[in-house]
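Data block below; observations after.
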Amino acid sequence: MSDIKKIKDEFLHKLNADLNIESINQIKSELFGKKGKISNSFKNLGSLPTEERKKFASDLNFVKDELQEKINKKIQEIEIKEINSKLENEKVDVTLPERNIVQGKIHPVSQVIDEISSIFSEIGFSVEEGPDVENEHYNFTALNTPDNHPARDMHDTFYLDDKKELLLRTHTSPVQVRTMLKGKPPFKIIAPGRTYRSDSDQTHAPMFHQVEGLHIDKKINMGHLKGCLNFFIKSFFEVDKIKMRFRPSHFPFTEPSAEVDIGYELKDGKIVIGEGNKWLEILGCGMVHPNVLKNVKINPDKYQGYAFGIGIDRLAMLKYGINDLRAFFETDYRWLNHFGFDPLDVPSNYRGLSR
Amino acid sequence: MKFTIGWLKEHLDTKFKDIEIIEKLTDVGLEVESFDRVGSDLDNFKVAKIINAEQHPNADKLKVCDVDIGEQNIIKVVCGAPNARKDLLTVYAGPGSVIPKNNMKLTVSKIRGVTSYGMLCSESELNLSDESDGITELKLNKYSDKVGKNFFKNNSEKVIDLSITPNRPDCLGVRGIARDLAAAGVGKLKNTSNLKIKNNGPQKIKVSITKDKNQGCTIFGSCLIKNVTNKESPKWLKDKITSLGQKPISAIVDVTNYVMLDLNRPLHAYDADKIDKEIIVRNSKKGETFEALDNKAYILDNNMCVISDKSGVLGLGGIIGGTRSGTEFSTKNILLESAYFLPRSIRKTSKLLNIDTDAKFRFERGIDPQSIEIGLNKAAQLITEICGGKVSEFDIQKTRTDKKNKIKFKISLFEKIAGFKIKDKEVIKILTDLGFEVSKKKSELDLTIPTWRPDITQPIDIVEEIVRIKGFSNIEILEPQKNRIKDTLNKQQKLFHFLQRSVASKGYFETVTWSFTDSKINNLFIENYKEVKIVNPISSELDVLRNSIFPNLVFYLKKNLDRGFKDISLFEIGPIFKDKNPGEQLTVIGGIKSGKISRLNWNEQNRLIDVFDAKKDTIQTLIEAGYDRHSLFIREKSPSYYHPGKSGSVYLDKDDIDPVAYFGEIHPNIIKKLDIKTEALVCFEIYLDHLKDKTLKLKDSKSQFQFSDYQKSDRDFAFVVDKNFKAQDLIEIISSIDQSLIKSVKIFDVYEGENIPKDKKSIALNVTIQSSEKTLEESDLEKINKLIIATVENKSGAKIRS
């Protein structure tokens, strides 16, 4: 018995000292190793008289548990102490810059095309496209602009051959013709795309973007045209009220034809679209001319409807406060970064057009 | 089309204010571009204040004055006047001004070594008085708050400038504009005086129109005015001409111009004594020449409509007259021409000769054929009033008689198109006011179209007339119908939008560049496509359609490098052209990337970008667009503008013929030729047209979800293979050994050098093995291990590296 107590006292004393993990392991093996004191004591168990054996075993187990527990506690303490001291040394300056971020940008023209598509999608339009190179038939003749018509002079055309048969389309209207030729009415389409005219100055670029709209059905009249454009302009500029003015004009492929102005005011040098008392021309439109319908083999007595053409770049400039049209196409990295959009910012009608 | 309100009121009886007239013009479709006073030379004379007057350093009698002219900067004027002194208010004339007294034009000049910007004027120089001893002294109390303002009042009338659409030739005359306004309720159209001029005897110069094929002239009216005294126009006429920014020439010319602007009736006056015997209107012969009033000599082609006499061409009918028969101040007898030329003929000739004149502009759009005599009458009247003389009878030659056009108009068509109702009575009133002769038969109108409206040929034209006069504001706004006929986007369009945003999300800035480019750069990227030249490019650097997405991207990348950027990622999605016919184009998304990854980063090692960055962006974009990485196949083949050893092409499937993408470094020759200064340059391009219809809809492409929970094992191998053996093939060999067990193959090292023969390389890879049926035992693994080694060695000639 005294042996057990002696072991216990001796080792409890040892364990009370300030120890590291190695010394504890040392103590552990002194006690519980193959030749450890506790292990030895258990070996001696067999040599004891039966009546003593039970008590001795019980005492020994008790001491063994006590010491074991003490050791575990001690190890835990040391581990916590070690983590704590590690934490002390592992502090970093989290204000240092993060790892590199890559952030791409979507060009404002693309973003605005997506916005336009989203708005017209809501009222049932689908997107059509046509080639950039056209022949003069699709670009002019089929659109009721015969060769001898002075309206051809309104478009400064890029030609690809001396006979002036192949050209870069001067508007997106040939898509109307192509769409109607390959399908059957009703038609309800928009056609965004690149268009080309051979003038180039501060406010004109030799290439720009238009979106064409076409709705042909049995009873589509100018009221529908007004309603459609009213819906579009309000949605696009994200305002509740808009002042809109239809001004009679002339395009060979529509009749009656109109140009549409919207109201704006200048606030701190910026254009604010809405209810101001100044007018800004933003698009041309009209009822599709019966001659155009005849040219695509549609009976104008049965079917009628409207068409419009909107300058996309100009819309982008107005909505996002961009002053210089030419800058759209000059690929200045700073400009792209400044006016570009995050690729995750996809315009949609449920999430909203823009942030 | 320019005119003054005063002129308008000669035709229109109205109480409307100027601003109301302006608004109404816009409402009926006559777009007002501006409404302003015409600037005059006298606007250059400003009230000015001398801030300081110092002695000129090099001249005793001169002073150098600091003058406030109401602008931001004080300017310096050298002045010799003894009364030039501080705080004097006087009159300043800027550079460009013409001094009224001596017509001297001022320039910025150095006077004895001091630059003088303009001049301070005396009363005599301004024609105000004879006072010439000093500069004008203005009264302080009257002028002290007027510094910078014009000294002379601009008394000119305000001029309205309209932009007239090509369908409205009638509004190229003031009377036509007045008629539209009257129809829209702005007052009443005045009757023109039908005072017929007294004619004396026949027109003695014979006029004939030949029966040439496609004769461009159908009516030629003329009269002779004898014994005129040509002179400067009277003030009222001069004022009219100058108010429109035109220059008065002589009474005869000014009158013909006035009648043209007033009635849109172009006229031409010949010096009758210069006409050789008779007037013949005929087609030109190739090679004929004449000198036109613009002082240019023109060489004519066949079949242009000319006015000629016995000696040759006098002028191009309806386009421009010639110098040979032009009127001068000495002209005594004139022949006045008032004719009708066919728009088509005018347009053809003027295009071929590249002439643009006022007359051409009008005849091309269509002149009222019935205005011949009205024009002659009015002009002859004015000329005899101003220049005296006696007028002959009018001679009218015609090759055909123009009948008035008629159409039937169903009133119901208006509501069908415009969407709102209007009373029959109102329809009739509008059309009558516009000059139509109207007779109503039940719900239909029989209309005779006014001869000045060549644009009106069918019922829809009538709808337009009524709606624009009634006002577009009457059209109701109908809620848009939301019914849909087709999906908003088709598959190809969805792909376009997806790829665009996918590439942008990898750090590329989207750009939009011209569809045309510089042929010199384009040639480096043209490959097998045809060069498409633009006949009339805006500049020689933009002379061809682009055959590749890269010429512009490379050009603008270089510009940004020159701006000091180094690490640039740009992309564009758009058309490239294979040839010049409609539809011979492809949609391509191309990206270009320069510089380094992790430049100036405190915790990441920087490195040059390389071909594998381009490959990653290409492959990842394709995967994101829904293509299976395991089916994608890479070949070394790529276009010639890529670095031949560091580029490749991507196929959706091993057996495909057309690659869907290329990636790689740009050929060093191109970098050198274009002088691009960058450390590294890679690019990639994906062809949307080749990606057609390869993907199933998501709902159809998802297979059942199966996975294995049994233990995975990893084994590493290193094979020594021929240097040009493809890693792709090695992976393929191993993957296809047993697809139910080999889950992935990853290359983690490629090594050449010491311990490896010169023509060999070592590829180290990690193979993941997992069964979906059981936990593999060591013996199973050993078996598959051996199989991998044996198969690779057998199929590739590789040796396992021990």
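We name chains A, B, ... following the order of the structure tokens; residues begin at 1 in each chain, and ligands are numbered from 1 as shown.
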
Would you list, as a PyMOL selection string, the residues of stretch 15-160 of chain A that end up in strand (DSSP E) under DSSP run on this structure's backbone? chain A and resi 126-127+133-135

Could you please take those selected residues and save N, CA and C atoms as a compact mmCIF listing (two decimals), in the first residue's frame?
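Result file part.txt:
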```
# COMPACT_ATOMS: atom_id res chain seq x y z
N SER A 126 -39.35 39.21 -80.74
CA SER A 126 -38.19 38.35 -80.81
C SER A 126 -37.10 39.04 -81.63
N VAL A 127 -35.87 38.54 -81.51
CA VAL A 127 -34.72 39.21 -82.11
C VAL A 127 -34.37 38.56 -83.45
N VAL A 133 -23.17 43.24 -94.88
CA VAL A 133 -23.07 43.57 -96.30
C VAL A 133 -24.44 43.31 -96.92
N GLU A 134 -24.95 44.29 -97.63
CA GLU A 134 -26.24 44.11 -98.27
C GLU A 134 -26.10 44.43 -99.75
N ASN A 135 -27.09 44.04 -100.53
CA ASN A 135 -27.14 44.57 -101.88
C ASN A 135 -28.13 45.71 -101.89
```

Hey, what's within 8 Å of stretch 244-256 of chain B if we count only C-alpha atoms and toss same-chain stuff fewer than 3 positions away? As a count of residues only, please? 28

Could you pull the residues within 10 Å of B:Gln458, counting only C-alpha atoms, minus those fewer than 6 positions along the same chain, as a PyMOL selection string? (chain A and resi 290) or (chain B and resi 406-409)

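Taking atom CA of B:Asn295 and atom CA of B:Gly326 as the two end points, the separation is 11.5 Å.
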
Contact residues around B:Leu195 with only C-alpha atoms at 10 Å, ignoring same-chain residues under 5 positions, as a count of residues only: 3

Could you pull out all residues of stretch 70-229 of chain A with a DSSP call of helix (DSSP H, G or I) and give them as a CSV table (one decimal) with C-alpha atoms, in the first residue's frame?
```
chain,number,residue,atom,x,y,z
A,70,LYS,CA,-3.7,14.4,-14.1
A,71,ILE,CA,-1.4,13.7,-17.1
A,72,ASN,CA,-4.3,14.3,-19.6
A,73,LYS,CA,-5.1,17.5,-17.9
A,74,LYS,CA,-1.5,18.6,-18.0
A,75,ILE,CA,-1.3,17.7,-21.8
A,76,GLN,CA,-4.4,19.7,-22.5
A,77,GLU,CA,-3.1,22.7,-20.7
A,78,ILE,CA,0.2,22.6,-22.6
A,79,GLU,CA,-1.6,22.2,-25.9
A,80,ILE,CA,-3.9,25.2,-25.2
A,81,LYS,CA,-0.8,27.1,-24.1
A,82,GLU,CA,1.0,26.2,-27.3
A,83,ILE,CA,-2.0,27.2,-29.6
A,84,ASN,CA,-2.3,30.5,-27.6
A,85,SER,CA,1.4,31.2,-28.0
A,86,LYS,CA,1.2,30.3,-31.7
A,87,LEU,CA,-1.8,32.7,-32.2
A,88,GLU,CA,0.3,35.4,-30.7
A,89,ASN,CA,2.9,35.0,-33.4
A,108,PRO,CA,-22.0,50.0,-73.2
A,109,VAL,CA,-23.4,49.2,-76.6
A,110,SER,CA,-23.7,45.5,-75.8
A,111,GLN,CA,-25.3,46.3,-72.5
A,112,VAL,CA,-27.8,48.6,-74.0
A,113,ILE,CA,-28.6,46.1,-76.7
A,114,ASP,CA,-29.3,43.6,-73.9
A,115,GLU,CA,-31.5,46.1,-72.1
A,116,ILE,CA,-33.4,46.8,-75.3
A,117,SER,CA,-33.9,43.1,-76.0
A,118,SER,CA,-35.1,42.6,-72.5
A,119,ILE,CA,-37.7,45.3,-72.7
A,120,PHE,CA,-39.1,44.2,-76.0
A,121,SER,CA,-39.1,40.6,-74.9
A,122,GLU,CA,-41.5,41.6,-72.3
A,136,GLU,CA,-28.8,47.7,-102.9
A,137,HIS,CA,-32.1,45.9,-103.4
A,138,TYR,CA,-32.6,45.0,-99.8
A,139,ASN,CA,-31.1,48.2,-98.5
A,141,THR,CA,-35.2,49.3,-103.6
A,142,ALA,CA,-37.3,46.9,-101.6
A,143,LEU,CA,-37.7,49.6,-99.0
A,150,PRO,CA,-33.4,61.7,-103.7
A,151,ALA,CA,-33.9,60.0,-100.3
A,152,ARG,CA,-30.9,57.9,-101.2
A,153,ASP,CA,-28.9,61.0,-100.7
A,154,MET,CA,-30.0,61.1,-97.1
A,174,PRO,CA,-33.2,45.5,-94.7
A,175,VAL,CA,-33.7,43.0,-91.8
A,176,GLN,CA,-37.4,43.8,-92.1
A,177,VAL,CA,-37.4,42.8,-95.7
A,178,ARG,CA,-35.4,39.6,-95.1
A,179,THR,CA,-37.6,38.6,-92.2
A,180,MET,CA,-40.9,39.2,-94.0
A,181,LEU,CA,-39.6,37.3,-97.1
A,182,LYS,CA,-38.7,34.2,-95.2
A,222,MET,CA,-50.6,54.2,-85.1
A,223,GLY,CA,-52.0,53.9,-81.6
A,224,HIS,CA,-50.2,50.7,-81.1
A,225,LEU,CA,-47.0,52.3,-82.4
A,226,LYS,CA,-47.3,55.1,-79.9
A,227,GLY,CA,-48.1,52.6,-77.1
A,228,CYS,CA,-45.1,50.4,-77.9
A,229,LEU,CA,-42.7,53.3,-78.0
```

Contacts of stretch 199-202 of chain B at 7 Å (only C-alpha atoms; same-chain gap of 3+ positions) as JSON, numbers by chain: {"B": [390, 391, 392, 393]}

Write the residues of the preceding selection, restricted to C-alpha atoms, as a PDB file, in the first residue's frame.
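again_17.pdb was written with the following content:
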```
ATOM      1  CA  LYS B 390     -41.016  95.205-123.012  1.00  0.00           C
ATOM      2  CA  VAL B 391     -42.221  91.638-122.573  1.00  0.00           C
ATOM      3  CA  SER B 392     -43.118  89.372-125.452  1.00  0.00           C
ATOM      4  CA  GLU B 393     -45.898  86.809-125.472  1.00  0.00           C
TER       5      GLU B 393
END
```

At a cut-off of 8 Å, using only C-alpha atoms, what residues contact stretch 30-45 of chain A? Leave out same-chain residues fewer than 2 positions from it and give the result as number ranges by chain. A: 7, 26-28, 47-48, 53, 56-57, 60, 64

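Across A:Leu315, A:Leu166, A:Leu325, A:Leu266, the tightest approach to chain B is made by A:Leu166 when counting only C-alpha atoms.
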
Show which residues sit within 8 Å of B:Tyr508, as a ChimeraX atom specification. Count only C-alpha atoms, and ignore same-chain residues fewer than 4 positions away. /A:103-105 /B:503-504,568-571,591

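Here atom CA of B:Phe555 is placed at a distance of 26.3 Å from atom CA of B:Gln620.
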
Counting only C-alpha atoms, closest pick from B:Tyr556, B:Phe496, B:Tyr143, B:Phe663 relative to chain A is B:Tyr556
